[in-house]
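Asks: Shown below is the structure under consideration.
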Number of protein chains: 2
Amino acid sequence: MKEKEFLMIPGPTPVPESILQAHAKHPIGHRSGEFSKIFMNATEKLQWLGQTKNDVFIYTASGTGAMEGAIANTINRGDKVLSLVIGVFGKRFADVAELYGAQVTRIEKEPGEAVSAEELRQALEQGPFKAVTITHSETSTGTANDIETLIPIIKKNNPDTLVLLDAITSLACMNVAIDQLEIDVCVSGSQKGFMLPPGLSFIYVSQKAYAAKENCTTPSYYFCWQQAKKALNDKTTPWTPNVSLIVALEKALEIMYSEGLENIIARHKKLRDRLRQGIRDLGLELLTADETASCAITAIWPPEGINVPDIRKSFKEDWNITVANGQRHLKDKLFRMGHLGFVCERDILTGLSALKAVLEKLGYQQNIQIKTTA
Amino acid sequence: MKEKEFLMIPGPTPVPESILQAHAKHPIGHRSGEFSKIFMNATEKLQWLGQTKNDVFIYTASGTGAMEGAIANTINRGDKVLSLVIGVFGKRFADVAELYGAQVTRIEKEPGEAVSAEELRQALEQGPFKAVTITHSETSTGTANDIETLIPIIKKNNPDTLVLLDAITSLACMNVAIDQLEIDVCVSGSQKGFMLPPGLSFIYVSQKAYAAKENCTTPSYYFCWQQAKKALNDKTTPWTPNVSLIVALEKALEIMYSEGLENIIARHKKLRDRLRQGIRDLGLELLTADETASCAITAIWPPEGINVPDIRKSFKEDWNITVANGQRHLKDKLFRMGHLGFVCERDILTGLSALKAVLEKLGYQQNIQIKTTA
């Protein structure tokens, strides 16, 4: 059944019907009072979600565009940048900085591992750095850097260093306290925890980041904060935005606001733990240790003798569920299940039950019952 | 009645119900075979629309992003660029080039005027130029540059000069024969003649433009053609695209393909002529002469003693029609009516009838019948 498709990938993620309906409406004019009201309401709720008074800009672009915006508005050619690279997206942030002429020092970790406090302390000694790029939840591995530990280490001895955080799969899933941690630039994307289709990204900008922009000579137009700020003061965007998605964003943020931030974070943690336990109960191994597991996505090793393409094929053909492959050199080595955004306990039970059936079909012998309570 | 709103602005434009329905569907995974098929079908139809064998990339960004992409992939700091500036968007193209360090020579015209062959010839003598930026249909004034005359003048004596064309409000409305005119980079946007919500832009890239990219050291990541080309070879996009809009784009291009390119162009021409005649019959004056009138948008002077905010207010409140204000220094001096994309003769009749009623309400004395045949 075609319309029974269910996405368990790290984006696009499931979208609630009420958000699909908001998104389906005929677009309105983007220079109207009606749009300004929706836009400003969404902007304020985004501040609530990021626990911040900082400005937030809505880009009509996917997350990579916002990552480029984070670099292009702050980094000058020759600036020293430290990049925490724990997977594909950490590498992307470093690559963008390098493309823009930064001298990039990388802390590179094996897949599944996060950066430790000690590693960060040592690397910071090679500074001072203009900025540190950090991936919060690394989508390619389901591993999370512990930003509550790492960011204060940066801030303590390097008050002038900017913290640029990729929170693309963490915001709206995990705790991202922008003001408390003094995160200077924080980026996220619509097709993740936000329960929206892809097409928007968000960028939070601190006063210190604005000051860096003032001294930044790197050309950037579409993603320029000065243009965005000027437009925000007029309650609009500098360029024609995706009005349909912003209307849907307002609805999504309303739903999130009703659930409450603590509940959203607790729900994602619970679903992650429930999924990880169920996978272990099936006798499978996880890429990432409990202490560094993302609440948005889980990477799973297939059992010996069963290969990833067959697992993904059976998920898709027998159960209408899409799970993600590994990325780059992990392709066909492991698979990933997304559990972010519009996901409840029933979905985890369904995912685990389907995984069990998939494995049995492919000749997996271990006979384990899926537990229906955590 | 809230759902009776009708947009007569130059984007967002009216969207047919069948496209809204395609757009409303739950997003699918962007790394799926199902998406690749839709994406490649849309890509081929975009080539049909641009009358070209050149590659075309679909950006998840609005038209300004594609304009930046046109510059950032071709222009090095210090390159000489000639910009044809006949309004706000021509100025924007020149500004982006200047931001990226180009030495920009501008041909600047008064609002409503296009660039003449002679002006272009004279300006080209200040060359050689790495690139010439041209706005085809200038959205801020409803004036069109005659690209069939101008581009061959550039190509004849300057075979190495790149032609970068802003076809944002002209493609899918007017004739844009990319291969025949040897247009090197052509950009357009979804919320215009394409009958789609905003959120996508399109960029066509010639072999000569690719060669310029090879020698371009300007940093650009999200809009990078090499990343886009590599992904296109794999039948996908380099970054998570707006899958909902690409599904809708496929539907829109199908509708356009059924109508036929000659019919689309003829329809827009007819609607433009009909609207202009009707406005003149009401005794009002147009900003732009017939020879240089855009087929997408028409700028109209209000009659003496009646002001633009009152006209727009009455259109909106009495007739649920949104018409556009003038931009920048033309704000409140003239108003603009869009007639691009999903627009038929009935819409023009409606627009004219409403305009007549609006003017009468505001005390306009001239009593003219709206003609129901052209």
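FYI, nothing fancy with the structure tokens labels: chains A, B, ... in order, residues from 1 per chain, ligands from 1 as they appear.
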Using DSSP secondary structure from the backbone, list all alpha helix (DSSP H) positions within stretch 23-270 of chain B, as a PyMOL selection string.
Replies: chain B and resi 23-24+33-49+63-72+88-99+117-124+147-157+178-181+207-214+225-233+243-259+261-270
Asks: Would you output that residue set with C-alpha atoms, as a JSON list (two decimals), in the first residue's frame?
Replies:
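selection-v6.json, freshly written:
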```
[["chain", "number", "residue", "atom", "x", "y", "z"],
["B", 23, "HIS", "CA", 2.63, 19.54, -2.72],
["B", 24, "ALA", "CA", 0.44, 18.45, 0.20],
["B", 33, "GLY", "CA", 14.51, 5.43, -6.15],
["B", 34, "GLU", "CA", 11.04, 6.95, -6.09],
["B", 35, "PHE", "CA", 12.47, 10.42, -5.48],
["B", 36, "SER", "CA", 15.22, 10.00, -8.11],
["B", 37, "LYS", "CA", 12.62, 9.23, -10.75],
["B", 38, "ILE", "CA", 10.60, 12.35, -9.93],
["B", 39, "PHE", "CA", 13.75, 14.48, -9.68],
["B", 40, "MET", "CA", 15.13, 13.35, -13.04],
["B", 41, "ASN", "CA", 11.77, 13.76, -14.73],
["B", 42, "ALA", "CA", 11.54, 17.33, -13.38],
["B", 43, "THR", "CA", 15.13, 18.00, -14.46],
["B", 44, "GLU", "CA", 14.45, 16.86, -18.03],
["B", 45, "LYS", "CA", 11.29, 18.93, -18.25],
["B", 46, "LEU", "CA", 13.21, 21.96, -16.99],
["B", 47, "GLN", "CA", 15.59, 21.47, -19.92],
["B", 48, "TRP", "CA", 12.58, 21.35, -22.22],
["B", 49, "LEU", "CA", 11.29, 24.59, -20.71],
["B", 63, "GLY", "CA", 15.78, 33.17, -6.70],
["B", 64, "THR", "CA", 18.28, 35.42, -4.91],
["B", 65, "GLY", "CA", 20.18, 32.29, -3.87],
["B", 66, "ALA", "CA", 20.43, 31.24, -7.51],
["B", 67, "MET", "CA", 21.64, 34.74, -8.45],
["B", 68, "GLU", "CA", 24.37, 34.41, -5.83],
["B", 69, "GLY", "CA", 25.16, 30.95, -7.22],
["B", 70, "ALA", "CA", 25.55, 32.43, -10.71],
["B", 71, "ILE", "CA", 28.16, 34.90, -9.42],
["B", 72, "ALA", "CA", 29.92, 32.74, -6.82],
["B", 88, "VAL", "CA", 15.72, 46.65, -8.19],
["B", 89, "PHE", "CA", 16.60, 43.14, -9.38],
["B", 90, "GLY", "CA", 19.13, 44.28, -11.97],
["B", 91, "LYS", "CA", 20.75, 46.28, -9.18],
["B", 92, "ARG", "CA", 20.72, 43.20, -6.95],
["B", 93, "PHE", "CA", 22.65, 41.17, -9.55],
["B", 94, "ALA", "CA", 25.24, 43.97, -9.83],
["B", 95, "ASP", "CA", 25.44, 44.30, -6.03],
["B", 96, "VAL", "CA", 26.11, 40.58, -5.60],
["B", 97, "ALA", "CA", 28.87, 40.73, -8.23],
["B", 98, "GLU", "CA", 30.39, 43.74, -6.45],
["B", 99, "LEU", "CA", 30.15, 42.02, -3.07],
["B", 117, "ALA", "CA", 21.41, 47.91, -28.40],
["B", 118, "GLU", "CA", 23.48, 51.07, -28.79],
["B", 119, "GLU", "CA", 23.95, 51.54, -25.04],
["B", 120, "LEU", "CA", 25.10, 47.94, -24.74],
["B", 121, "ARG", "CA", 27.53, 48.27, -27.68],
["B", 122, "GLN", "CA", 29.09, 51.38, -26.16],
["B", 123, "ALA", "CA", 29.41, 49.80, -22.74],
["B", 124, "LEU", "CA", 31.03, 46.68, -24.17],
["B", 147, "ILE", "CA", 17.40, 39.50, -24.89],
["B", 148, "GLU", "CA", 17.01, 38.39, -28.53],
["B", 149, "THR", "CA", 18.67, 41.64, -29.58],
["B", 150, "LEU", "CA", 21.08, 42.22, -26.69],
["B", 151, "ILE", "CA", 22.66, 38.80, -26.15],
["B", 152, "PRO", "CA", 23.79, 38.33, -29.79],
["B", 153, "ILE", "CA", 25.51, 41.74, -29.56],
["B", 154, "ILE", "CA", 27.52, 40.46, -26.57],
["B", 155, "LYS", "CA", 28.25, 37.10, -28.16],
["B", 156, "LYS", "CA", 29.32, 38.48, -31.54],
["B", 157, "ASN", "CA", 32.42, 40.39, -30.48],
["B", 178, "ILE", "CA", 19.02, 29.18, -23.72],
["B", 179, "ASP", "CA", 20.91, 27.19, -26.38],
["B", 180, "GLN", "CA", 19.95, 29.38, -29.31],
["B", 181, "LEU", "CA", 21.03, 32.57, -27.52],
["B", 207, "GLN", "CA", 29.84, 24.25, -20.80],
["B", 208, "LYS", "CA", 31.52, 27.64, -20.88],
["B", 209, "ALA", "CA", 30.12, 28.42, -17.44],
["B", 210, "TYR", "CA", 31.46, 25.09, -16.14],
["B", 211, "ALA", "CA", 34.86, 26.04, -17.53],
["B", 212, "ALA", "CA", 34.69, 29.33, -15.63],
["B", 213, "LYS", "CA", 33.85, 27.40, -12.47],
["B", 214, "GLU", "CA", 37.01, 25.32, -12.93],
["B", 225, "TRP", "CA", 28.00, 23.41, -9.23],
["B", 226, "GLN", "CA", 30.60, 20.69, -8.79],
["B", 227, "GLN", "CA", 28.71, 19.27, -5.82],
["B", 228, "ALA", "CA", 25.43, 19.64, -7.73],
["B", 229, "LYS", "CA", 26.83, 17.99, -10.87],
["B", 230, "LYS", "CA", 28.28, 15.06, -8.94],
["B", 231, "ALA", "CA", 24.90, 14.51, -7.27],
["B", 232, "LEU", "CA", 23.01, 14.96, -10.55],
["B", 233, "ASN", "CA", 25.08, 12.13, -12.02],
["B", 243, "VAL", "CA", 11.09, 17.01, -1.69],
["B", 244, "SER", "CA", 7.52, 18.29, -1.36],
["B", 245, "LEU", "CA", 8.19, 21.15, -3.77],
["B", 246, "ILE", "CA", 10.05, 18.89, -6.20],
["B", 247, "VAL", "CA", 7.06, 16.53, -6.28],
["B", 248, "ALA", "CA", 4.89, 19.58, -7.00],
["B", 249, "LEU", "CA", 7.39, 20.81, -9.59],
["B", 250, "GLU", "CA", 7.09, 17.57, -11.52],
["B", 251, "LYS", "CA", 3.32, 18.06, -11.59],
["B", 252, "ALA", "CA", 3.65, 21.72, -12.64],
["B", 253, "LEU", "CA", 6.01, 20.86, -15.48],
["B", 254, "GLU", "CA", 3.63, 18.15, -16.63],
["B", 255, "ILE", "CA", 0.85, 20.74, -16.85],
["B", 256, "MET", "CA", 3.16, 23.14, -18.71],
["B", 257, "TYR", "CA", 4.29, 20.39, -21.06],
["B", 258, "SER", "CA", 0.66, 19.57, -21.88],
["B", 259, "GLU", "CA", -0.11, 23.20, -22.64],
["B", 261, "LEU", "CA", 5.72, 26.10, -24.68],
["B", 262, "GLU", "CA", 4.46, 28.18, -27.62],
["B", 263, "ASN", "CA", 1.00, 28.29, -26.11],
["B", 264, "ILE", "CA", 2.34, 29.31, -22.70],
["B", 265, "ILE", "CA", 4.31, 32.16, -24.25],
["B", 266, "ALA", "CA", 1.38, 33.23, -26.45],
["B", 267, "ARG", "CA", -1.01, 33.15, -23.49],
["B", 268, "HIS", "CA", 1.20, 35.40, -21.38],
["B", 269, "LYS", "CA", 1.61, 37.82, -24.27],
["B", 270, "LYS", "CA", -2.13, 37.94, -24.85]]
```
Asks: Return as JSON lines the residues of chain B lying at most 6 Å from chain A, together with the closest atom-to-atom pair for each and the distance in Å to one decimal, counting only C-alpha atoms, with rows in chain order and ascending residue number.
Replies:
```
{"residue": "B:Ala24", "atom": "CA", "partner": "A:Ala24", "partner_atom": "CA", "distance": 4.6}
{"residue": "B:Pro27", "atom": "CA", "partner": "A:Pro197", "partner_atom": "CA", "distance": 6.0}
{"residue": "B:Thr60", "atom": "CA", "partner": "A:Ala61", "partner_atom": "CA", "distance": 5.2}
{"residue": "B:Ala61", "atom": "CA", "partner": "A:Ala61", "partner_atom": "CA", "distance": 5.0}
{"residue": "B:Gly65", "atom": "CA", "partner": "A:Tyr222", "partner_atom": "CA", "distance": 5.4}
{"residue": "B:Leu99", "atom": "CA", "partner": "A:Pro219", "partner_atom": "CA", "distance": 5.9}
{"residue": "B:Tyr100", "atom": "CA", "partner": "A:Pro219", "partner_atom": "CA", "distance": 5.6}
{"residue": "B:Pro197", "atom": "CA", "partner": "A:Pro27", "partner_atom": "CA", "distance": 6.0}
{"residue": "B:Pro198", "atom": "CA", "partner": "A:Asn242", "partner_atom": "CA", "distance": 4.8}
{"residue": "B:Gly199", "atom": "CA", "partner": "A:Asn242", "partner_atom": "CA", "distance": 4.6}
{"residue": "B:Pro219", "atom": "CA", "partner": "A:Tyr100", "partner_atom": "CA", "distance": 5.6}
{"residue": "B:Tyr222", "atom": "CA", "partner": "A:Gly65", "partner_atom": "CA", "distance": 5.4}
{"residue": "B:Asn242", "atom": "CA", "partner": "A:Gly199", "partner_atom": "CA", "distance": 4.6}
```
Asks: Okay, now the selection with C-alpha atoms, as a compact mmCIF listing (two decimals), in the first residue's frame?
Replies:
```
# COMPACT_ATOMS: atom_id res chain seq x y z
CA ALA B 24 0.44 18.45 0.20
CA PRO B 27 7.41 13.94 2.08
CA THR B 60 16.28 24.61 -2.31
CA ALA B 61 16.47 28.41 -2.06
CA GLY B 65 20.18 32.29 -3.87
CA LEU B 99 30.15 42.02 -3.07
CA TYR B 100 32.19 39.18 -4.56
CA PRO B 197 4.84 28.01 -3.88
CA PRO B 198 8.19 29.73 -3.23
CA GLY B 199 11.17 27.69 -2.06
CA PRO B 219 34.31 29.90 -2.03
CA TYR B 222 25.63 25.14 -0.79
CA ASN B 242 12.61 20.30 -0.51
```
Asks: Near stretch 274-284 of chain B, counting only C-alpha atoms, which residues have an atom at most 12 Å away, once you skip same-chain residues fewer than 6 positions from it, shown as a ChimeraX atom specification?
Replies: /B:142,267-268,290,293-304,306,334-339,343-360,364-374
Asks: For those residues, write N, CA and C atoms to a file as a compact mmCIF listing (two decimals), in the first residue's frame.
Replies:
```
# COMPACT_ATOMS: atom_id res chain seq x y z
N GLY B 142 8.19 45.90 -14.33
CA GLY B 142 7.45 45.28 -15.43
C GLY B 142 8.05 45.61 -16.80
N ARG B 267 0.00 32.80 -24.50
CA ARG B 267 -1.01 33.15 -23.49
C ARG B 267 -0.53 34.35 -22.66
N HIS B 268 0.71 34.29 -22.19
CA HIS B 268 1.20 35.40 -21.38
C HIS B 268 1.23 36.72 -22.16
N ASP B 290 5.02 49.77 -24.83
CA ASP B 290 4.61 48.46 -25.35
C ASP B 290 5.80 47.60 -25.76
N ALA B 293 7.51 45.90 -22.69
CA ALA B 293 6.66 45.48 -21.57
C ALA B 293 6.86 44.00 -21.26
N SER B 294 7.09 43.70 -20.01
CA SER B 294 7.19 42.31 -19.53
C SER B 294 5.85 41.61 -19.71
N CYS B 295 5.88 40.31 -19.98
CA CYS B 295 4.64 39.54 -20.08
C CYS B 295 4.20 39.00 -18.73
N ALA B 296 4.93 39.34 -17.66
CA ALA B 296 4.67 38.75 -16.35
C ALA B 296 4.03 39.73 -15.38
N ILE B 297 4.34 41.03 -15.55
CA ILE B 297 3.94 42.01 -14.54
C ILE B 297 3.80 43.37 -15.20
N THR B 298 2.82 44.15 -14.71
CA THR B 298 2.57 45.47 -15.29
C THR B 298 2.52 46.52 -14.19
N ALA B 299 3.28 47.59 -14.38
CA ALA B 299 3.32 48.69 -13.41
C ALA B 299 2.45 49.83 -13.91
N ILE B 300 1.60 50.33 -13.02
CA ILE B 300 0.54 51.27 -13.40
C ILE B 300 0.62 52.53 -12.54
N TRP B 301 0.55 53.70 -13.18
CA TRP B 301 0.48 54.96 -12.43
C TRP B 301 -0.95 55.17 -11.95
N PRO B 302 -1.14 55.60 -10.73
CA PRO B 302 -2.51 55.91 -10.30
C PRO B 302 -2.97 57.20 -10.96
N PRO B 303 -4.28 57.39 -11.11
CA PRO B 303 -4.75 58.67 -11.67
C PRO B 303 -4.49 59.79 -10.66
N GLU B 304 -4.41 60.99 -11.16
CA GLU B 304 -4.13 62.13 -10.28
C GLU B 304 -5.14 62.22 -9.15
N ILE B 306 -5.55 60.24 -6.67
CA ILE B 306 -5.86 58.97 -5.99
C ILE B 306 -4.54 58.31 -5.64
N LEU B 334 3.50 53.96 -7.61
CA LEU B 334 2.75 53.19 -8.60
C LEU B 334 2.38 51.84 -8.00
N PHE B 335 1.53 51.11 -8.67
CA PHE B 335 1.21 49.76 -8.20
C PHE B 335 1.42 48.79 -9.35
N ARG B 336 1.58 47.52 -8.99
CA ARG B 336 1.92 46.52 -9.99
C ARG B 336 0.93 45.35 -9.93
N MET B 337 0.52 44.90 -11.10
CA MET B 337 -0.36 43.74 -11.18
C MET B 337 0.39 42.60 -11.86
N GLY B 338 0.43 41.46 -11.19
CA GLY B 338 1.08 40.28 -11.75
C GLY B 338 0.11 39.49 -12.60
N HIS B 339 0.60 38.94 -13.69
CA HIS B 339 -0.25 38.11 -14.57
C HIS B 339 0.60 36.99 -15.15
N VAL B 343 -2.76 31.86 -14.78
CA VAL B 343 -3.61 33.02 -15.01
C VAL B 343 -4.29 32.86 -16.38
N CYS B 344 -5.59 33.16 -16.43
CA CYS B 344 -6.32 33.06 -17.70
C CYS B 344 -7.03 34.38 -17.98
N GLU B 345 -7.70 34.46 -19.12
CA GLU B 345 -8.36 35.71 -19.52
C GLU B 345 -9.38 36.19 -18.50
N ARG B 346 -10.06 35.23 -17.87
CA ARG B 346 -11.05 35.62 -16.87
C ARG B 346 -10.41 36.40 -15.73
N ASP B 347 -9.18 36.01 -15.36
CA ASP B 347 -8.49 36.71 -14.28
C ASP B 347 -8.17 38.15 -14.65
N ILE B 348 -7.84 38.36 -15.91
CA ILE B 348 -7.55 39.72 -16.37
C ILE B 348 -8.83 40.55 -16.35
N LEU B 349 -9.91 39.96 -16.83
CA LEU B 349 -11.21 40.65 -16.79
C LEU B 349 -11.56 41.01 -15.35
N THR B 350 -11.36 40.06 -14.46
CA THR B 350 -11.64 40.28 -13.04
C THR B 350 -10.79 41.41 -12.48
N GLY B 351 -9.50 41.35 -12.79
CA GLY B 351 -8.57 42.37 -12.29
C GLY B 351 -8.96 43.76 -12.78
N LEU B 352 -9.31 43.84 -14.06
CA LEU B 352 -9.69 45.13 -14.63
C LEU B 352 -11.01 45.63 -14.05
N SER B 353 -11.96 44.72 -13.90
CA SER B 353 -13.27 45.11 -13.36
C SER B 353 -13.13 45.60 -11.93
N ALA B 354 -12.29 44.91 -11.16
CA ALA B 354 -12.05 45.33 -9.78
C ALA B 354 -11.34 46.68 -9.76
N LEU B 355 -10.38 46.87 -10.65
CA LEU B 355 -9.66 48.14 -10.71
C LEU B 355 -10.64 49.29 -10.98
N LYS B 356 -11.54 49.05 -11.91
CA LYS B 356 -12.55 50.07 -12.24
C LYS B 356 -13.39 50.41 -11.00
N ALA B 357 -13.83 49.37 -10.30
CA ALA B 357 -14.65 49.58 -9.11
C ALA B 357 -13.86 50.30 -8.01
N VAL B 358 -12.60 49.91 -7.86
CA VAL B 358 -11.72 50.54 -6.87
C VAL B 358 -11.59 52.03 -7.17
N LEU B 359 -11.33 52.35 -8.42
CA LEU B 359 -11.14 53.75 -8.80
C LEU B 359 -12.43 54.55 -8.61
N GLU B 360 -13.54 53.96 -8.99
CA GLU B 360 -14.83 54.65 -8.81
C GLU B 360 -15.10 54.94 -7.34
N TYR B 364 -12.79 58.41 -8.72
CA TYR B 364 -12.33 58.59 -10.10
C TYR B 364 -13.55 58.78 -10.99
N GLN B 365 -13.52 59.81 -11.84
CA GLN B 365 -14.73 60.21 -12.53
C GLN B 365 -14.96 59.50 -13.86
N GLN B 366 -13.89 59.23 -14.57
CA GLN B 366 -14.00 58.69 -15.93
C GLN B 366 -14.88 57.43 -15.98
N ASN B 367 -15.87 57.43 -16.81
CA ASN B 367 -16.78 56.29 -16.86
C ASN B 367 -16.58 55.50 -18.15
N ILE B 368 -15.84 54.42 -18.03
CA ILE B 368 -15.45 53.65 -19.20
C ILE B 368 -15.94 52.22 -19.02
N GLN B 369 -16.41 51.63 -20.07
CA GLN B 369 -16.81 50.22 -20.01
C GLN B 369 -15.58 49.33 -20.17
N ILE B 370 -15.53 48.25 -19.38
CA ILE B 370 -14.49 47.24 -19.59
C ILE B 370 -14.91 46.42 -20.82
N LYS B 371 -14.02 46.33 -21.78
CA LYS B 371 -14.34 45.52 -22.96
C LYS B 371 -14.16 44.05 -22.63
N THR B 372 -15.05 43.24 -23.09
CA THR B 372 -14.94 41.82 -22.78
C THR B 372 -14.27 41.04 -23.90
N THR B 373 -13.91 41.72 -24.97
CA THR B 373 -13.07 41.06 -25.98
C THR B 373 -11.85 41.93 -26.22
N ALA B 374 -10.78 41.29 -26.58
CA ALA B 374 -9.52 42.02 -26.74
C ALA B 374 -9.54 42.85 -28.01
```
Asks: Among stretch 179-242 of chain B, which residues carry a DSSP assignment of strand (DSSP E or B), reported as a count of residues only?
Replies: 10
Asks: Would you mind telling me which residue in A:Asn158, A:Ser201, A:Thr139, A:Thr105 lies nearest to A:Cys186 when using only C-alpha atoms?
Replies: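 Among the listed residues, A:Ser201 lies closest to A:Cys186.
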